[in-house]
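What follows is data24.tsv (TSV, C-alpha atoms).
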chain	number	residue	atom	x	y	z
A	481	MET	CA	-8.36	4.95	-23.86
A	482	ASP	CA	-8.95	8.45	-22.46
A	483	ARG	CA	-8.87	9.21	-18.74
A	484	ARG	CA	-12.66	9.02	-18.31
A	485	GLN	CA	-12.80	5.58	-19.90
A	486	PHE	CA	-9.82	4.45	-17.83
A	487	LEU	CA	-11.49	5.58	-14.61
A	488	ALA	CA	-14.69	3.75	-15.53
A	489	ALA	CA	-12.73	0.59	-16.30
A	490	SER	CA	-10.80	0.97	-13.07
A	491	ALA	CA	-14.01	1.23	-11.08
A	492	ALA	CA	-15.41	-1.90	-12.73
A	493	VAL	CA	-12.24	-3.87	-11.94
A	494	GLY	CA	-12.25	-2.69	-8.34
A	495	LEU	CA	-15.92	-3.39	-7.69
A	496	ALA	CA	-15.54	-6.86	-9.20
A	497	ALA	CA	-13.72	-7.76	-6.00
A	498	LEU	CA	-17.00	-7.47	-4.11
A	499	ASP	CA	-18.50	-10.38	-6.06
A	500	LEU	CA	-18.55	-13.68	-4.25
A	501	PRO	CA	-15.42	-15.77	-4.96
A	502	ASP	CA	-15.38	-19.43	-5.88
A	503	ALA	CA	-15.69	-21.06	-2.46
A	504	GLU	CA	-15.00	-24.54	-3.85
A	505	ALA	CA	-11.83	-23.68	-5.79
A	506	VAL	CA	-9.44	-25.23	-3.26
A	507	THR	CA	-11.62	-28.28	-2.70
A	508	ARG	CA	-11.73	-29.07	-6.42
A	509	ARG	CA	-7.94	-28.80	-6.71
A	510	ALA	CA	-7.19	-30.90	-3.61
A	511	ASN	CA	-6.13	-34.55	-3.95
A	512	ARG	CA	-6.12	-34.47	-7.75
A	513	PRO	CA	-3.30	-35.92	-9.87
A	514	GLY	CA	-0.43	-33.53	-10.44
A	515	PRO	CA	3.17	-33.53	-11.65
A	516	VAL	CA	4.66	-32.64	-8.25
A	517	ALA	CA	3.77	-33.30	-4.62
A	518	VAL	CA	3.36	-30.10	-2.57
A	519	GLY	CA	3.64	-29.80	1.19
A	520	MET	CA	4.20	-27.14	3.84
A	521	GLY	CA	7.84	-26.80	2.77
A	522	GLU	CA	6.73	-25.26	-0.52
A	523	VAL	CA	4.24	-23.01	1.29
A	524	SER	CA	7.03	-21.83	3.59
A	525	ALA	CA	9.24	-21.16	0.58
A	526	VAL	CA	6.62	-18.89	-0.99
A	527	ARG	CA	6.27	-16.91	2.24
A	528	THR	CA	10.03	-16.57	2.66
A	529	MET	CA	10.47	-15.34	-0.90
A	530	THR	CA	7.58	-12.88	-0.50
A	531	THR	CA	9.19	-11.44	2.64
A	532	THR	CA	12.60	-11.16	0.99
A	533	LEU	CA	11.29	-9.50	-2.15
A	534	GLY	CA	9.01	-7.24	-0.10
A	535	ASN	CA	11.91	-6.04	2.05
A	536	ALA	CA	13.91	-5.12	-1.05
A	537	ALA	CA	10.95	-3.28	-2.61
A	538	SER	CA	10.22	-1.37	0.62
A	539	GLU	CA	13.79	-0.13	0.74
A	540	LEU	CA	14.47	0.59	-2.94
A	541	GLY	CA	11.05	0.79	-4.60
A	542	GLY	CA	8.87	-1.64	-6.53
A	543	GLY	CA	10.78	-1.00	-9.74
A	544	HIS	CA	13.80	-2.91	-8.49
A	545	ALA	CA	12.43	-6.41	-8.07
A	546	ARG	CA	8.99	-6.86	-9.68
A	547	HIS	CA	10.35	-8.90	-12.57
A	548	LEU	CA	11.92	-11.31	-10.07
A	549	ALA	CA	8.64	-11.69	-8.18
A	550	VAL	CA	6.67	-12.27	-11.41
A	551	ARG	CA	9.13	-14.91	-12.58
A	552	TYR	CA	8.93	-16.70	-9.24
A	553	LEU	CA	5.12	-16.65	-9.41
A	554	THR	CA	4.83	-17.84	-13.00
A	555	VAL	CA	7.55	-20.50	-12.87
A	556	ASP	CA	7.85	-21.96	-9.36
A	557	VAL	CA	4.55	-21.12	-7.65
A	558	LYS	CA	2.43	-21.98	-10.70
A	559	ARG	CA	4.03	-25.43	-10.79
A	560	TRP	CA	3.02	-25.98	-7.16
A	561	LEU	CA	-0.51	-24.67	-7.70
A	562	ASP	CA	-0.83	-27.22	-10.51
A	563	GLY	CA	0.60	-29.95	-8.29
A	564	ARG	CA	-1.08	-32.38	-5.90
A	565	TYR	CA	-1.80	-31.49	-2.28
A	566	THR	CA	-4.28	-31.98	0.53
A	567	GLU	CA	-7.06	-29.47	1.14
A	568	ALA	CA	-5.26	-28.09	4.22
A	569	VAL	CA	-2.03	-27.56	2.31
A	570	GLY	CA	-4.00	-26.13	-0.61
A	571	ARG	CA	-5.59	-23.46	1.57
A	572	ASP	CA	-2.21	-22.43	2.96
A	573	LEU	CA	-0.75	-22.43	-0.56
A	574	PHE	CA	-3.57	-20.22	-1.85
A	575	ALA	CA	-3.05	-17.85	1.09
A	576	ALA	CA	0.71	-17.65	0.57
A	577	THR	CA	0.20	-17.08	-3.15
A	578	SER	CA	-2.31	-14.33	-2.36
A	579	GLU	CA	0.39	-12.51	-0.38
A	580	LEU	CA	2.89	-12.83	-3.23
A	581	VAL	CA	0.34	-11.64	-5.79
A	582	HIS	CA	-0.57	-8.69	-3.55
A	583	LEU	CA	3.10	-7.75	-3.33
A	584	ILE	CA	3.43	-7.83	-7.13
A	585	GLY	CA	0.36	-5.58	-7.36
A	586	TRP	CA	1.99	-3.15	-4.94
A	587	MET	CA	5.21	-3.24	-6.96
A	588	ALA	CA	3.33	-2.56	-10.22
A	589	ARG	CA	1.58	0.40	-8.64
A	590	ASP	CA	4.88	1.71	-7.30
A	591	GLU	CA	6.15	1.61	-10.88
A	592	GLY	CA	3.11	3.59	-12.05
A	593	ASN	CA	1.38	0.68	-13.81
A	594	GLN	CA	-2.09	1.19	-12.35
A	595	GLY	CA	-4.07	-1.19	-14.58
A	596	LEU	CA	-1.73	-4.12	-13.98
A	597	SER	CA	-1.71	-3.38	-10.25
A	598	GLN	CA	-5.51	-3.54	-10.08
A	599	LYS	CA	-5.59	-6.93	-11.77
A	600	TYR	CA	-3.05	-8.35	-9.33
A	601	HIS	CA	-4.94	-6.97	-6.32
A	602	LEU	CA	-8.19	-8.43	-7.64
A	603	HIS	CA	-6.55	-11.84	-8.10
A	604	SER	CA	-5.02	-11.60	-4.63
A	605	TYR	CA	-8.47	-10.95	-3.17
A	606	LYS	CA	-9.98	-13.99	-4.89
A	607	LEU	CA	-7.15	-16.28	-3.79
A	608	ALA	CA	-7.45	-15.06	-0.19
A	609	ALA	CA	-11.23	-15.41	-0.11
A	610	GLU	CA	-11.03	-18.91	-1.61
A	611	ALA	CA	-8.48	-19.85	1.05
A	612	GLY	CA	-10.79	-18.52	3.78
A	613	GLU	CA	-8.21	-15.89	4.84
A	614	ASN	CA	-10.28	-12.90	5.88
A	615	GLU	CA	-7.37	-10.60	6.70
A	616	LEU	CA	-5.67	-11.17	3.35
A	617	ALA	CA	-8.95	-10.56	1.54
A	618	ALA	CA	-9.51	-7.32	3.45
A	619	THR	CA	-5.95	-6.20	2.70
A	620	ALA	CA	-6.49	-6.75	-1.04
A	621	LEU	CA	-9.69	-4.69	-0.85
A	622	ARG	CA	-7.68	-2.03	0.95
A	623	GLY	CA	-5.18	-1.92	-1.92
A	624	LEU	CA	-7.98	-1.48	-4.45
A	625	ALA	CA	-9.63	1.25	-2.35
A	626	ASP	CA	-6.38	3.16	-1.87
A	627	GLN	CA	-5.71	3.01	-5.60
A	628	ALA	CA	-9.24	4.17	-6.45
A	629	ILE	CA	-8.66	7.26	-4.28
A	630	ASP	CA	-5.48	8.11	-6.19
A	631	LEU	CA	-7.27	7.59	-9.52
A	632	GLY	CA	-10.01	10.00	-8.42
A	633	HIS	CA	-12.86	7.48	-8.49
A	634	ILE	CA	-14.08	8.38	-5.03
A	635	PRO	CA	-17.51	6.64	-4.80
A	636	THR	CA	-15.83	3.36	-5.76
A	637	ALA	CA	-13.09	4.01	-3.21
A	638	VAL	CA	-15.62	4.62	-0.43
A	639	ARG	CA	-17.50	1.42	-1.22
A	640	LEU	CA	-14.32	-0.68	-1.32
A	641	ALA	CA	-12.91	0.93	1.83
A	642	GLU	CA	-16.17	0.32	3.68
A	643	ALA	CA	-16.15	-3.36	2.64
A	644	CYS	CA	-12.53	-3.62	3.75
A	645	GLU	CA	-13.24	-2.06	7.15
A	646	GLN	CA	-16.29	-4.27	7.69
A	647	ARG	CA	-14.20	-7.39	7.05
A	648	GLY	CA	-11.58	-6.04	9.43
A	649	ARG	CA	-14.04	-5.87	12.32
A	650	LYS	CA	-14.04	-9.67	12.42
A	651	LEU	CA	-10.33	-9.73	13.18
A	652	GLY	CA	-8.50	-9.49	16.48
A	653	ASN	CA	-5.48	-7.78	14.94
A	654	PRO	CA	-5.30	-4.11	16.05
A	655	LYS	CA	-2.74	-3.19	13.38
A	656	ALA	CA	-5.04	-4.52	10.68
A	657	LEU	CA	-7.94	-2.55	12.15
A	658	ALA	CA	-5.88	0.66	12.15
A	659	TYR	CA	-4.74	-0.04	8.59
A	660	TYR	CA	-8.25	-0.51	7.23
A	661	ARG	CA	-9.84	2.32	9.24
A	662	ASN	CA	-7.28	4.87	8.08
A	663	THR	CA	-7.99	3.80	4.50
A	664	TYR	CA	-11.69	4.32	5.10
A	665	ALA	CA	-10.92	7.70	6.68
A	666	ARG	CA	-8.89	8.69	3.63
A	667	ALA	CA	-11.70	7.67	1.27
A	668	VAL	CA	-14.46	9.56	3.08
A	669	ALA	CA	-12.18	12.59	3.52
A	670	ALA	CA	-11.70	12.61	-0.25
A	671	ASP	CA	-15.51	12.40	-0.53
A	672	GLY	CA	-15.88	15.49	1.68
A	673	ASP	CA	-17.41	13.66	4.66
A	674	ARG	CA	-15.49	15.31	7.53
A	675	THR	CA	-17.61	13.66	10.24
A	676	ALA	CA	-17.02	10.10	9.04
A	677	ALA	CA	-13.34	10.86	8.42
A	678	GLY	CA	-12.93	12.10	11.99
A	679	GLN	CA	-14.69	9.05	13.39
A	680	MET	CA	-12.48	6.67	11.43
A	681	LEU	CA	-9.32	8.59	12.37
A	682	SER	CA	-10.23	8.25	16.05
A	683	ALA	CA	-11.06	4.55	15.65
A	684	ALA	CA	-7.75	3.94	13.88
A	685	GLN	CA	-5.84	5.72	16.66
A	686	ILE	CA	-7.52	3.60	19.33
A	687	ALA	CA	-6.56	0.46	17.40
A	688	ILE	CA	-2.92	1.42	16.85
A	689	GLU	CA	-2.50	2.43	20.50
A	690	ASN	CA	-3.43	-1.14	21.43
A	691	ALA	CA	-1.07	-2.69	18.86
A	692	PRO	CA	2.33	-4.23	19.65
A	693	ALA	CA	5.35	-2.36	18.31
A	694	ALA	CA	6.96	-5.44	16.73
A	695	PRO	CA	5.78	-6.37	13.22
A	696	GLY	CA	3.68	-9.50	12.83
A	697	GLN	CA	3.74	-12.12	10.11
A	698	SER	CA	0.93	-10.86	7.87
A	699	TRP	CA	0.93	-7.89	5.48
A	700	ALA	CA	-1.46	-5.89	7.68
A	701	SER	CA	0.55	-6.75	10.80
A	702	HIS	CA	3.46	-4.81	9.28
A	703	TYR	CA	1.39	-1.62	9.46
A	704	SER	CA	3.64	0.24	11.84
A	705	HIS	CA	2.98	3.11	14.21
A	706	GLY	CA	5.10	5.23	11.86
A	707	ARG	CA	2.94	4.42	8.82
A	708	TRP	CA	-0.18	5.13	10.86
A	709	ALA	CA	1.22	8.54	11.87
A	710	HIS	CA	2.12	9.36	8.26
A	711	GLU	CA	-1.26	8.41	6.82
A	712	SER	CA	-3.11	10.15	9.65
A	713	GLY	CA	-1.09	13.29	9.02
A	714	MET	CA	-2.02	13.36	5.36
A	715	ILE	CA	-5.71	12.83	6.17
A	716	HIS	CA	-5.54	15.78	8.59
A	717	ALA	CA	-3.93	17.82	5.79
A	718	LYS	CA	-6.79	16.86	3.46
A	719	LEU	CA	-9.24	18.03	6.12
A	720	GLY	CA	-7.38	21.35	6.44
A	721	ASP	CA	-5.83	20.84	9.88
A	722	LEU	CA	-2.21	21.60	8.97
A	723	THR	CA	-1.07	21.81	12.58
A	724	ALA	CA	-2.22	18.25	13.31
A	725	ALA	CA	-0.81	17.15	9.95
A	726	GLU	CA	2.69	18.43	10.76
A	727	GLU	CA	2.59	16.97	14.26
A	728	HIS	CA	1.75	13.52	12.90
A	729	LEU	CA	4.41	13.66	10.19
A	730	HIS	CA	7.06	14.62	12.76
A	731	LEU	CA	5.76	11.79	14.94
A	732	ALA	CA	6.28	9.38	12.06
A	733	LEU	CA	9.84	10.53	11.44
A	734	ASP	CA	11.18	11.36	14.88
A	735	ILE	CA	9.39	9.16	17.39
A	736	HIS	CA	8.17	6.08	15.60
A	737	GLY	CA	11.03	6.05	13.11
A	738	LEU	CA	10.81	4.95	9.50
A	739	ASP	CA	13.82	2.84	8.61
A	740	ARG	CA	13.02	2.25	4.91
A	741	LYS	CA	14.58	4.76	2.51
A	742	ARG	CA	11.54	4.85	0.24
A	743	THR	CA	9.03	5.35	3.04
A	744	ARG	CA	11.10	7.96	4.85
A	745	ALA	CA	11.63	9.91	1.64
A	746	ILE	CA	7.88	10.00	0.91
A	747	VAL	CA	7.14	11.32	4.40
A	748	LEU	CA	9.80	14.03	4.03
A	749	ALA	CA	8.29	15.15	0.72
A	750	ASP	CA	4.83	15.36	2.31
A	751	LEU	CA	6.16	17.17	5.38
A	752	GLY	CA	7.81	19.82	3.21
A	753	HIS	CA	4.51	20.53	1.45
A	754	VAL	CA	2.69	20.95	4.77
A	755	GLN	CA	5.43	23.25	6.07
A	756	LEU	CA	5.24	25.36	2.92
A	757	LYS	CA	1.46	25.70	3.26
A	758	ARG	CA	1.98	26.87	6.84
A	759	GLY	CA	4.32	29.60	5.62
A	760	ASN	CA	7.54	28.02	6.91
A	761	THR	CA	9.41	28.30	3.62
A	762	GLU	CA	13.01	27.85	4.77
A	763	THR	CA	12.04	24.85	6.90
A	764	ALA	CA	10.24	23.30	3.92
A	765	LEU	CA	13.30	23.77	1.70
A	766	ALA	CA	15.52	22.08	4.29
A	767	THR	CA	13.05	19.19	4.57
A	768	TRP	CA	13.01	18.76	0.79
A	769	ASN	CA	16.82	18.64	0.75
A	770	ASP	CA	16.58	15.79	3.25
A	771	PHE	CA	14.05	14.16	0.92
A	772	LEU	CA	16.54	14.27	-1.96
A	773	ASP	CA	19.25	12.69	0.20
A	774	CYS	CA	16.90	9.89	1.24
A	775	ALA	CA	15.44	9.31	-2.25
A	776	ASP	CA	18.81	8.65	-3.89
A	777	GLY	CA	18.71	5.27	-5.68
A	778	VAL	CA	15.00	4.59	-5.01
A	779	GLN	CA	12.85	3.59	-8.02
A	780	SER	CA	9.28	4.53	-7.21
A	781	VAL	CA	6.57	6.57	-8.88
A	782	ARG	CA	5.88	8.09	-5.46
A	783	ILE	CA	9.43	9.47	-5.43
A	784	ASN	CA	9.06	10.76	-8.99
A	785	ASP	CA	5.77	12.42	-8.06
A	786	GLY	CA	7.47	14.00	-5.05
A	787	LEU	CA	10.18	15.48	-7.27
A	788	THR	CA	7.63	16.77	-9.79
A	789	ASN	CA	5.48	18.37	-7.09
A	790	ILE	CA	8.43	20.08	-5.42
A	791	ALA	CA	9.72	21.39	-8.76
A	792	ALA	CA	6.26	22.78	-9.56
A	793	ARG	CA	6.18	24.74	-6.30
A	794	LEU	CA	9.68	26.18	-6.40
A	795	PRO	CA	8.85	29.05	-8.82
A	796	SER	CA	6.42	30.44	-6.23
A	797	VAL	CA	9.04	30.34	-3.46
A	798	PRO	CA	10.89	33.63	-2.82
A	799	ASP	CA	14.40	33.69	-4.26
A	800	SER	CA	17.02	32.48	-1.81
A	801	PRO	CA	20.28	30.53	-1.92
A	802	ALA	CA	18.48	27.53	-0.42
A	803	ALA	CA	15.76	27.59	-3.12
A	804	ALA	CA	18.35	27.93	-5.88
A	805	GLU	CA	20.39	25.03	-4.49
A	806	LEU	CA	17.33	22.82	-4.24
A	807	GLY	CA	16.33	23.65	-7.82
A	808	GLU	CA	19.83	22.76	-9.05
A	809	ARG	CA	19.75	19.43	-7.20
A	810	ILE	CA	16.38	18.49	-8.71
A	811	ALA	CA	17.53	19.49	-12.20
A	812	ALA	CA	20.69	17.41	-11.81
A	813	ARG	CA	18.57	14.28	-11.23
A	814	GLY	CA	17.32	14.62	-14.80

Is it possible to express this structure as C-alpha cells?
Amino acid sequence: MDRRQFLAASAAVGLAALDLPDAEAVTRRANRPGPVAVGMGEVSAVRTMTTTLGNAASELGGGHARHLAVRYLTVDVKRWLDGRYTEAVGRDLFAATSELVHLIGWMARDEGNQGLSQKYHLHSYKLAAEAGENELAATALRGLADQAIDLGHIPTAVRLAEACEQRGRKLGNPKALAYYRNTYARAVAADGDRTAAGQMLSAAQIAIENAPAAPGQSWASHYSHGRWAHESGMIHAKLGDLTAAEEHLHLALDIHGLDRKRTRAIVLADLGHVQLKRGNTETALATWNDFLDCADGVQSVRINDGLTNIAARLPSVPDSPAAAELGERIAARG
C-alpha cells in the first residue's frame, strides 16, 4: 500500500468513528448467561491496571509495556466482557475497557504502528459511546484527530477535532475542554486557518486557567498545565510566532514541570528546534544535549523522530565543539 492509499484508508477509519454506535450493545449483554460473574471489583481491577500500565508507558514509552496491556485485554478483560453482569456494571465495564483500549492505541502509536493505533482508538470510541461516557468518547475522537494531523490528512483531522470539541462542550471538566480545544487549534492551524486557531488557543487557555492542578481520574483529567503549555507552544510555532512558542515551552519545563522522562525529552527536542529557528544556535545545542540525557532508555517513536530531526539539522549548524560533541552523542546511540 503506497502512502496515498494509506492516507485514504486512514481517513476512512477515522471518519468511521462519527457513525452512530450501537446504543443497545450493553443492554443486550446484561443479565445473560456467562461463565463468570462480574462486579465492580473487576471493573476496579481494569482501571487499576490501566493506570499502572499507563504510568509505565508515560515514563519509558509505549514500546515497553504494550504487549502486557494487550495480553491483559485479550485474556482477563475479554473473559469478563463475556461474563454475566447487570446493566449498571456492564456500562462501567465498557467504560473501563474503553480506557484500556485507548491506552493500547496510544502505545501502538508511540511505537510507530499507526494503522493498529487507529483501530484501537476507533474501538475505544465505540465502547465509550455504548457505555454513555461522553468524555471517553470525545477523548477517543481526539486521539484519531491528533493522529490524522500527523499523517497529513488535514480535512479529516479538522472534522474529527471539531466533533471532539463539540462533545467536550457538554462536559464540566476544564482540563478536558482545554485538551480538546488545543487539538482543534492544532488541526485548524495545520489547515491554515489562523483565525480559528487563535480562537481555540484562547478558549483552551481560559479552560486550563480554571482547572485544578491535581490530576483527575479520567484520561482527559490528566491533561496537565505542562502539557497544555507544550502543545500551545507548538501551535504558536506552526503559526510563526516563535517568541510565544519559546515562552510556552519554557513554561512547560520550568514552571509547570514535566516529571515524565518521555514527555520532558519531547519538549526539550521541540524547544531546541524553536531556539535554532530564532538564531540561538548554542542555546539550541545545549537544549538538545539535555534532550539526549532525558531520552536515555525511553522507547518511543517520538524520541526516535527527535533524534532524526536533530541529526538532519546539525550539518547546517556552524562548526563548534558543542555541535561536534552532540553529533558524536547521537551517532553513539546507533

Find the residues around Asp572 in chain A up to 12 Å (all atoms listed in the file counted), leave out those fewer than 3 positions away in its own chain, and share them as number ranges by chain.
A: 506, 510, 518-527, 560-561, 565-569, 575-579, 607-613, 616

Could you check which of A:Met587, A:Ala537, A:Ala658, A:Ala683 is closest to Thr743 in chain A, using all atoms listed in the file?
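Nearest to Thr743 in chain A: A:Ala537.
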
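CA of Gly585 in chain A sits 6.8 Å away from CA of Gln598 in chain A.
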
Pairwise distance for CA of Asp799 in chain A and CA of Ser780 in chain A, rounded to one decimal in Å:
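Those two atoms sit 29.8 Å apart.
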
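CA of Gly713 in chain A to CA of Thr663 in chain A spans 12.6 Å [interatomic distance, one decimal].
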
Given the choices A:His710, A:His603, A:Lys655, A:Arg647, which gets closest to Glu727 in chain A if the distance is worked out from all atoms listed in the file?
A:His710

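Ranking A:Gly563, A:Gly672, A:Gly542, A:Gly570 by their shortest atom-to-atom distance to Ala588 in chain A, with all atoms listed in the file included, puts A:Gly542 first.
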
Long-range neighbours of Ala545 in chain A as a ChimeraX atom specification, 9 Å cut-off, only C-alpha atoms, 4 positions minimum in chain:
/A:533-534,536-537,540-541,549-550,587

Would you mind listing what lies within 8 Å of range 800-808 of chain A as a list in words, with only C-alpha atoms counted and same-chain residues fewer than 5 positions away left out?
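In the requested format, the answer is Glu762, Leu765, Ala766, Trp768, Asn769, Ala791 and Leu794 of chain A.
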
Name all residues at most 9 Å from His736 in chain A (count only C-alpha atoms; drop same-chain ones fewer than 2 positions away) and give them as a list in words.
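Within the cut-off, the hits are Ser704, His705, Gly706, Arg707, Ala709, Leu731, Ala732, Leu733, Asp734 and Leu738 of chain A.
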
With distances taken over all atoms listed in the file, the candidate from A:Leu583, A:Met680, A:Ala775, A:Val781 nearest Thr531 in chain A is A:Leu583

Which one of A:Leu621, A:Ser698, A:Arg509, A:Ile735 sits closest to Leu602 in chain A if you count only C-alpha atoms?
A:Leu621

Of the candidates A:Gly737, A:Gly595, A:Pro654, A:Gly786, which shows the shortest atom-to-atom distance to Ala628 in chain A, using all atoms listed in the file?
A:Gly595
